[in-house]
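Source file: target.cif (mmCIF, N, CA and C atoms)
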```
data_final
loop_
_atom_site.label_atom_id
_atom_site.label_comp_id
_atom_site.auth_asym_id
_atom_site.auth_seq_id
_atom_site.Cartn_x
_atom_site.Cartn_y
_atom_site.Cartn_z
N MET A 1039 167.08 -52.81 -135.49
CA MET A 1039 167.61 -52.73 -134.17
C MET A 1039 167.82 -51.26 -133.84
N TRP A 1040 167.90 -50.98 -132.55
CA TRP A 1040 168.18 -49.61 -132.15
C TRP A 1040 168.98 -49.60 -130.87
N LEU A 1041 169.65 -48.50 -130.64
CA LEU A 1041 170.48 -48.29 -129.47
C LEU A 1041 170.03 -47.00 -128.81
N ALA A 1042 169.69 -47.06 -127.53
CA ALA A 1042 169.29 -45.86 -126.79
C ALA A 1042 170.55 -45.22 -126.18
N VAL A 1043 170.70 -43.93 -126.42
CA VAL A 1043 171.87 -43.21 -125.94
C VAL A 1043 171.39 -42.01 -125.14
N ARG A 1044 171.92 -41.84 -123.93
CA ARG A 1044 171.59 -40.66 -123.13
C ARG A 1044 172.53 -39.52 -123.51
N LEU A 1045 171.95 -38.40 -123.84
CA LEU A 1045 172.72 -37.22 -124.22
C LEU A 1045 172.42 -36.08 -123.28
N GLN A 1046 173.42 -35.28 -123.01
CA GLN A 1046 173.23 -34.07 -122.21
C GLN A 1046 173.65 -32.91 -123.08
N ALA A 1047 172.66 -32.10 -123.49
CA ALA A 1047 172.92 -31.02 -124.44
C ALA A 1047 173.89 -29.98 -123.88
N LEU A 1048 173.65 -29.58 -122.66
CA LEU A 1048 174.48 -28.56 -122.01
C LEU A 1048 174.84 -29.02 -120.61
N PRO A 1049 176.00 -28.64 -120.09
CA PRO A 1049 176.35 -29.02 -118.72
C PRO A 1049 175.35 -28.53 -117.69
N SER A 1050 174.63 -27.46 -118.01
CA SER A 1050 173.65 -26.91 -117.07
C SER A 1050 172.31 -27.65 -117.09
N ASP A 1051 172.10 -28.54 -118.09
CA ASP A 1051 170.85 -29.30 -118.15
C ASP A 1051 170.81 -30.32 -117.01
N PRO A 1052 169.76 -30.29 -116.17
CA PRO A 1052 169.69 -31.21 -115.04
C PRO A 1052 169.46 -32.67 -115.45
N GLU A 1053 168.74 -32.89 -116.53
CA GLU A 1053 168.41 -34.24 -116.96
C GLU A 1053 168.88 -34.48 -118.39
N PRO A 1054 169.64 -35.56 -118.62
CA PRO A 1054 169.97 -35.90 -120.00
C PRO A 1054 168.73 -36.41 -120.72
N PHE A 1055 168.71 -36.33 -122.04
CA PHE A 1055 167.57 -36.83 -122.78
C PHE A 1055 167.99 -38.07 -123.56
N LEU A 1056 167.01 -38.85 -123.96
CA LEU A 1056 167.25 -40.12 -124.62
C LEU A 1056 167.17 -39.94 -126.13
N CYS A 1057 168.14 -40.45 -126.83
CA CYS A 1057 168.19 -40.40 -128.29
C CYS A 1057 168.29 -41.83 -128.80
N LEU A 1058 167.62 -42.15 -129.89
CA LEU A 1058 167.66 -43.49 -130.45
C LEU A 1058 168.51 -43.49 -131.72
N GLN A 1059 169.45 -44.42 -131.78
CA GLN A 1059 170.22 -44.64 -132.99
C GLN A 1059 169.63 -45.89 -133.64
N VAL A 1060 169.12 -45.77 -134.85
CA VAL A 1060 168.42 -46.86 -135.53
C VAL A 1060 169.37 -47.54 -136.51
N PHE A 1061 169.37 -48.88 -136.48
CA PHE A 1061 170.14 -49.68 -137.42
C PHE A 1061 169.15 -50.41 -138.31
N LYS A 1062 169.03 -49.97 -139.55
CA LYS A 1062 168.05 -50.54 -140.49
C LYS A 1062 168.59 -51.81 -141.13
N TRP A 1063 167.68 -52.59 -141.66
CA TRP A 1063 168.04 -53.82 -142.38
C TRP A 1063 168.90 -53.47 -143.58
N THR A 1064 170.02 -54.16 -143.72
CA THR A 1064 170.95 -53.88 -144.81
C THR A 1064 170.56 -54.61 -146.10
N GLY A 1065 169.75 -55.66 -146.01
CA GLY A 1065 169.39 -56.46 -147.17
C GLY A 1065 170.40 -57.56 -147.47
N SER A 1066 171.46 -57.66 -146.69
CA SER A 1066 172.50 -58.65 -146.96
C SER A 1066 172.10 -60.07 -146.57
N ASN A 1067 171.15 -60.21 -145.64
CA ASN A 1067 170.61 -61.52 -145.27
C ASN A 1067 169.24 -61.33 -144.63
N SER A 1068 168.58 -62.41 -144.29
CA SER A 1068 167.23 -62.34 -143.70
C SER A 1068 167.21 -62.92 -142.29
N PHE A 1069 168.29 -62.76 -141.54
CA PHE A 1069 168.38 -63.31 -140.19
C PHE A 1069 167.83 -62.29 -139.18
N PHE A 1070 166.53 -62.05 -139.23
CA PHE A 1070 165.92 -61.04 -138.35
C PHE A 1070 165.84 -61.50 -136.90
N VAL A 1071 165.01 -62.52 -136.64
CA VAL A 1071 164.78 -62.99 -135.27
C VAL A 1071 164.69 -64.50 -135.28
N LYS A 1072 165.32 -65.12 -134.29
CA LYS A 1072 165.19 -66.57 -134.08
C LYS A 1072 165.11 -66.79 -132.58
N GLY A 1073 164.24 -67.67 -132.17
CA GLY A 1073 164.12 -67.95 -130.76
C GLY A 1073 163.68 -69.38 -130.49
N ASP A 1074 164.07 -69.87 -129.34
CA ASP A 1074 163.61 -71.17 -128.86
C ASP A 1074 163.64 -71.11 -127.33
N LEU A 1075 163.54 -72.24 -126.65
CA LEU A 1075 163.52 -72.23 -125.19
C LEU A 1075 164.86 -71.84 -124.58
N ASP A 1076 165.92 -71.94 -125.37
CA ASP A 1076 167.26 -71.68 -124.84
C ASP A 1076 167.78 -70.28 -125.10
N SER A 1077 167.23 -69.59 -126.09
CA SER A 1077 167.77 -68.27 -126.40
C SER A 1077 166.87 -67.51 -127.37
N LEU A 1078 167.13 -66.21 -127.46
CA LEU A 1078 166.48 -65.32 -128.41
C LEU A 1078 167.59 -64.55 -129.12
N MET A 1079 167.58 -64.55 -130.46
CA MET A 1079 168.64 -63.92 -131.23
C MET A 1079 168.04 -62.98 -132.26
N MET A 1080 168.69 -61.85 -132.47
CA MET A 1080 168.27 -60.87 -133.48
C MET A 1080 169.47 -60.48 -134.31
N GLY A 1081 169.34 -60.59 -135.62
CA GLY A 1081 170.43 -60.26 -136.53
C GLY A 1081 171.55 -61.28 -136.46
N SER A 1082 172.26 -61.45 -137.56
CA SER A 1082 173.37 -62.40 -137.58
C SER A 1082 174.32 -62.08 -138.72
N GLY A 1083 175.42 -62.75 -138.68
CA GLY A 1083 176.44 -62.64 -139.72
C GLY A 1083 177.79 -62.97 -139.13
N SER A 1084 178.58 -63.73 -139.84
CA SER A 1084 179.92 -64.14 -139.40
C SER A 1084 179.88 -64.90 -138.07
N GLY A 1085 178.79 -65.63 -137.83
CA GLY A 1085 178.70 -66.45 -136.62
C GLY A 1085 178.39 -65.69 -135.35
N GLN A 1086 178.03 -64.43 -135.46
CA GLN A 1086 177.70 -63.64 -134.27
C GLN A 1086 176.32 -63.02 -134.45
N PHE A 1087 175.70 -62.69 -133.33
CA PHE A 1087 174.35 -62.12 -133.35
C PHE A 1087 174.39 -60.65 -132.95
N GLY A 1088 173.53 -59.86 -133.58
CA GLY A 1088 173.40 -58.46 -133.18
C GLY A 1088 172.98 -58.35 -131.74
N LEU A 1089 172.04 -59.20 -131.33
CA LEU A 1089 171.59 -59.27 -129.94
C LEU A 1089 171.25 -60.71 -129.62
N TRP A 1090 171.77 -61.21 -128.52
CA TRP A 1090 171.51 -62.57 -128.07
C TRP A 1090 171.14 -62.53 -126.60
N LEU A 1091 170.03 -63.20 -126.24
CA LEU A 1091 169.60 -63.32 -124.84
C LEU A 1091 169.44 -64.79 -124.51
N ASP A 1092 169.92 -65.22 -123.33
CA ASP A 1092 169.77 -66.62 -122.97
C ASP A 1092 168.33 -66.92 -122.56
N GLY A 1093 167.99 -68.18 -122.43
CA GLY A 1093 166.63 -68.60 -122.13
C GLY A 1093 166.10 -68.12 -120.80
N ASP A 1094 166.98 -67.83 -119.84
CA ASP A 1094 166.56 -67.31 -118.54
C ASP A 1094 166.47 -65.79 -118.52
N LEU A 1095 166.82 -65.17 -119.65
CA LEU A 1095 166.85 -63.71 -119.76
C LEU A 1095 167.73 -63.07 -118.70
N TYR A 1096 168.85 -63.74 -118.41
CA TYR A 1096 169.80 -63.22 -117.43
C TYR A 1096 171.11 -62.80 -118.09
N HIS A 1097 171.58 -63.56 -119.07
CA HIS A 1097 172.81 -63.23 -119.79
C HIS A 1097 172.49 -62.81 -121.22
N GLY A 1098 173.33 -61.94 -121.76
CA GLY A 1098 173.14 -61.51 -123.13
C GLY A 1098 174.46 -61.16 -123.78
N GLY A 1099 174.38 -60.92 -125.08
CA GLY A 1099 175.56 -60.51 -125.83
C GLY A 1099 175.13 -59.68 -127.02
N SER A 1100 176.01 -58.84 -127.48
CA SER A 1100 175.74 -58.01 -128.65
C SER A 1100 177.04 -57.85 -129.44
N TYR A 1101 176.93 -58.07 -130.74
CA TYR A 1101 178.09 -57.99 -131.63
C TYR A 1101 177.66 -57.31 -132.92
N PRO A 1102 178.58 -56.70 -133.63
CA PRO A 1102 178.23 -56.17 -134.95
C PRO A 1102 177.76 -57.32 -135.84
N CYS A 1103 176.72 -57.08 -136.64
CA CYS A 1103 176.22 -58.14 -137.52
C CYS A 1103 175.84 -57.56 -138.88
N ALA A 1104 175.87 -58.43 -139.89
CA ALA A 1104 175.60 -58.02 -141.26
C ALA A 1104 174.14 -57.65 -141.48
N THR A 1105 173.22 -58.25 -140.74
CA THR A 1105 171.80 -57.99 -140.94
C THR A 1105 171.46 -56.52 -140.77
N PHE A 1106 172.01 -55.89 -139.73
CA PHE A 1106 171.68 -54.50 -139.42
C PHE A 1106 172.89 -53.55 -139.47
N ASN A 1107 174.09 -54.09 -139.70
CA ASN A 1107 175.31 -53.28 -139.69
C ASN A 1107 175.38 -52.43 -138.42
N ASN A 1108 175.06 -53.05 -137.31
CA ASN A 1108 175.00 -52.36 -136.03
C ASN A 1108 176.34 -52.38 -135.32
N GLU A 1109 176.47 -51.49 -134.37
CA GLU A 1109 177.60 -51.53 -133.45
C GLU A 1109 177.17 -52.35 -132.25
N VAL A 1110 178.07 -52.61 -131.33
CA VAL A 1110 177.71 -53.33 -130.10
C VAL A 1110 176.67 -52.49 -129.36
N LEU A 1111 175.57 -53.12 -128.91
CA LEU A 1111 174.44 -52.40 -128.34
C LEU A 1111 174.52 -52.20 -126.83
N ALA A 1112 175.63 -52.58 -126.23
CA ALA A 1112 175.83 -52.44 -124.78
C ALA A 1112 177.24 -51.92 -124.52
N ARG A 1113 177.55 -51.65 -123.28
CA ARG A 1113 178.90 -51.17 -122.95
C ARG A 1113 179.95 -52.24 -123.20
N GLN A 1114 179.56 -53.51 -123.01
CA GLN A 1114 180.44 -54.64 -123.25
C GLN A 1114 179.73 -55.63 -124.16
N GLU A 1115 180.50 -56.45 -124.88
CA GLU A 1115 179.88 -57.42 -125.78
C GLU A 1115 179.06 -58.45 -125.02
N GLN A 1116 179.51 -58.89 -123.86
CA GLN A 1116 178.75 -59.83 -123.03
C GLN A 1116 178.33 -59.11 -121.76
N PHE A 1117 177.10 -59.39 -121.31
CA PHE A 1117 176.57 -58.65 -120.17
C PHE A 1117 175.53 -59.48 -119.41
N CYS A 1118 175.23 -59.05 -118.19
CA CYS A 1118 174.12 -59.60 -117.40
C CYS A 1118 172.97 -58.61 -117.49
N ILE A 1119 171.78 -59.13 -117.63
CA ILE A 1119 170.59 -58.29 -117.78
C ILE A 1119 170.08 -57.89 -116.40
N LYS A 1120 169.94 -56.61 -116.16
CA LYS A 1120 169.41 -56.10 -114.89
C LYS A 1120 167.93 -55.80 -115.00
N GLU A 1121 167.52 -55.24 -116.13
CA GLU A 1121 166.12 -54.91 -116.38
C GLU A 1121 165.80 -55.25 -117.81
N LEU A 1122 164.56 -55.64 -118.06
CA LEU A 1122 164.12 -55.96 -119.40
C LEU A 1122 162.77 -55.33 -119.62
N GLU A 1123 162.63 -54.61 -120.72
CA GLU A 1123 161.37 -53.98 -121.08
C GLU A 1123 160.95 -54.53 -122.44
N ALA A 1124 159.73 -54.98 -122.54
CA ALA A 1124 159.22 -55.54 -123.80
C ALA A 1124 158.01 -54.72 -124.25
N TRP A 1125 157.93 -54.47 -125.53
CA TRP A 1125 156.83 -53.71 -126.13
C TRP A 1125 156.10 -54.59 -127.12
N VAL A 1126 154.82 -54.37 -127.24
CA VAL A 1126 154.01 -55.03 -128.27
C VAL A 1126 153.37 -53.93 -129.10
N LEU A 1127 153.56 -53.99 -130.40
CA LEU A 1127 152.95 -53.04 -131.30
C LEU A 1127 151.89 -53.76 -132.10
N SER A 1128 150.72 -53.22 -132.14
CA SER A 1128 149.66 -53.88 -132.92
C SER A 1128 148.84 -52.85 -133.69
#
```

Give the structure from the file, written as structure tokens.
Amino acid sequence: MWLAVRLQALPSDPEPFLCLQVFKWTGSNSFFVKGDLDSLMMGSGSGQFGLWLDGDLYHGGSYPCATFNNEVLARQEQFCIKELEAWVLS
């Protein structure tokens, strides 16, 4: 998992730059990704998901999880999705 953070090096910089904070697999479990028609989940532990998206891709949630030892990936634990970007690596 990763978290994108906007940083501004100096107050005089007109544009902040994007930095990625990477959360690697901890090895504590194998709950990488699970999905069905109702939701998409990434990471798990203690009954919470590192990232959870509902089936309509409108609501989501993020919680610390054992799989990636991540922090909450949004400003709030529960959120509404405004934009979604998906990548395919091959």

Please determine the residues with any atom at most 6 Å from (163.7, -54.1, -139.4) (coordinates as given in the file, with all atoms listed in the file counting) and report them as a PDB file with N, CA and C atoms, in the frame of the given file.
```
ATOM      1  N   MET A1039     167.080 -52.810-135.490  1.00  0.00           N
ATOM      2  CA  MET A1039     167.610 -52.730-134.170  1.00  0.00           C
ATOM      3  C   MET A1039     167.820 -51.260-133.840  1.00  0.00           C
ATOM      4  N   LYS A1062     169.030 -49.970-139.550  1.00  0.00           N
ATOM      5  CA  LYS A1062     168.050 -50.540-140.490  1.00  0.00           C
ATOM      6  C   LYS A1062     168.590 -51.810-141.130  1.00  0.00           C
ATOM      7  N   TRP A1063     167.680 -52.590-141.660  1.00  0.00           N
ATOM      8  CA  TRP A1063     168.040 -53.820-142.380  1.00  0.00           C
ATOM      9  C   TRP A1063     168.900 -53.470-143.580  1.00  0.00           C
TER      10      TRP A1063
END
```

If the PyMOL selection byres ((chain A and resi 1071-1086) around 6.5) were run on this exact file, what residues would it hold? Put them as a PDB file with N, CA and C atoms, keeping the file's coordinate frame.
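Now in out_20.pdb:
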```pdb
ATOM      1  N   SER A1068     168.580 -62.410-144.290  1.00  0.00           N
ATOM      2  CA  SER A1068     167.230 -62.340-143.700  1.00  0.00           C
ATOM      3  C   SER A1068     167.210 -62.920-142.290  1.00  0.00           C
ATOM      4  N   PHE A1069     168.290 -62.760-141.540  1.00  0.00           N
ATOM      5  CA  PHE A1069     168.380 -63.310-140.190  1.00  0.00           C
ATOM      6  C   PHE A1069     167.830 -62.290-139.180  1.00  0.00           C
ATOM      7  N   PHE A1070     166.530 -62.050-139.230  1.00  0.00           N
ATOM      8  CA  PHE A1070     165.920 -61.040-138.350  1.00  0.00           C
ATOM      9  C   PHE A1070     165.840 -61.500-136.900  1.00  0.00           C
ATOM     10  N   PHE A1087     175.700 -62.690-133.330  1.00  0.00           N
ATOM     11  CA  PHE A1087     174.350 -62.120-133.350  1.00  0.00           C
ATOM     12  C   PHE A1087     174.390 -60.650-132.950  1.00  0.00           C
ATOM     13  N   GLY A1088     173.530 -59.860-133.580  1.00  0.00           N
ATOM     14  CA  GLY A1088     173.400 -58.460-133.180  1.00  0.00           C
ATOM     15  C   GLY A1088     172.980 -58.350-131.740  1.00  0.00           C
ATOM     16  N   LEU A1089     172.040 -59.200-131.330  1.00  0.00           N
ATOM     17  CA  LEU A1089     171.590 -59.270-129.940  1.00  0.00           C
ATOM     18  C   LEU A1089     171.250 -60.710-129.620  1.00  0.00           C
ATOM     19  N   TRP A1090     171.770 -61.210-128.520  1.00  0.00           N
ATOM     20  CA  TRP A1090     171.510 -62.570-128.070  1.00  0.00           C
ATOM     21  C   TRP A1090     171.140 -62.530-126.600  1.00  0.00           C
ATOM     22  N   LEU A1091     170.030 -63.200-126.240  1.00  0.00           N
ATOM     23  CA  LEU A1091     169.600 -63.320-124.840  1.00  0.00           C
ATOM     24  C   LEU A1091     169.440 -64.790-124.510  1.00  0.00           C
ATOM     25  N   ASP A1092     169.920 -65.220-123.330  1.00  0.00           N
ATOM     26  CA  ASP A1092     169.770 -66.620-122.970  1.00  0.00           C
ATOM     27  C   ASP A1092     168.330 -66.920-122.560  1.00  0.00           C
ATOM     28  N   GLY A1093     167.990 -68.180-122.430  1.00  0.00           N
ATOM     29  CA  GLY A1093     166.630 -68.600-122.130  1.00  0.00           C
ATOM     30  C   GLY A1093     166.100 -68.120-120.800  1.00  0.00           C
ATOM     31  N   ASP A1094     166.980 -67.830-119.840  1.00  0.00           N
ATOM     32  CA  ASP A1094     166.560 -67.310-118.540  1.00  0.00           C
ATOM     33  C   ASP A1094     166.470 -65.790-118.520  1.00  0.00           C
ATOM     34  N   TYR A1101     176.930 -58.070-130.740  1.00  0.00           N
ATOM     35  CA  TYR A1101     178.090 -57.990-131.630  1.00  0.00           C
ATOM     36  C   TYR A1101     177.660 -57.310-132.920  1.00  0.00           C
ATOM     37  N   PRO A1102     178.580 -56.700-133.630  1.00  0.00           N
ATOM     38  CA  PRO A1102     178.230 -56.170-134.950  1.00  0.00           C
ATOM     39  C   PRO A1102     177.760 -57.320-135.840  1.00  0.00           C
ATOM     40  N   CYS A1103     176.720 -57.080-136.640  1.00  0.00           N
ATOM     41  CA  CYS A1103     176.220 -58.140-137.520  1.00  0.00           C
ATOM     42  C   CYS A1103     175.840 -57.560-138.880  1.00  0.00           C
ATOM     43  N   ALA A1104     175.870 -58.430-139.890  1.00  0.00           N
ATOM     44  CA  ALA A1104     175.600 -58.020-141.260  1.00  0.00           C
ATOM     45  C   ALA A1104     174.140 -57.650-141.480  1.00  0.00           C
ATOM     46  N   THR A1105     173.220 -58.250-140.740  1.00  0.00           N
ATOM     47  CA  THR A1105     171.800 -57.990-140.940  1.00  0.00           C
ATOM     48  C   THR A1105     171.460 -56.520-140.770  1.00  0.00           C
ATOM     49  N   PHE A1106     172.010 -55.890-139.730  1.00  0.00           N
ATOM     50  CA  PHE A1106     171.680 -54.500-139.420  1.00  0.00           C
ATOM     51  C   PHE A1106     172.890 -53.550-139.470  1.00  0.00           C
TER      52      PHE A1106
END
```

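Rounded to one decimal, atom CA of Leu1041 of chain A and atom CA of Gln1116 of chain A lie 15.6 Å from each other.
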
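As for atom CA of Asn1108 of chain A and atom CA of Phe1061 of chain A, they are spaced 5.7 Å apart.
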
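The two atoms in question, atom N of Cys1118 of chain A and atom C of His1097 of chain A, are spaced 5.6 Å apart.
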
key: 8 Å contact set for Ile1119 of chain A, only C-alpha atoms, chain neighbours under 4 positions out, as a PyMOL selection string   = chain A and resi 1095-1098

task = Would you kindly return, as a VMD selection string, each protein, DNA or RNA residue with an atom no farther than 7 Å from any atom of Trp1040 of chain A, considering all atoms listed in the file and excluding same-chain residues fewer than 5 positions away?
result = chain A and resid 1058 to 1061 1111

Strand (DSSP E) call set, DSSP backbone run, chain A, as JSON, numbers by chain = {"A": [1040, 1041, 1042, 1043, 1044, 1045, 1055, 1056, 1057, 1058, 1059, 1060, 1071, 1072, 1073, 1077, 1078, 1079, 1080, 1081, 1082, 1083, 1086, 1087, 1088, 1089, 1090, 1091, 1092, 1097, 1098, 1099, 1116, 1117, 1118]}
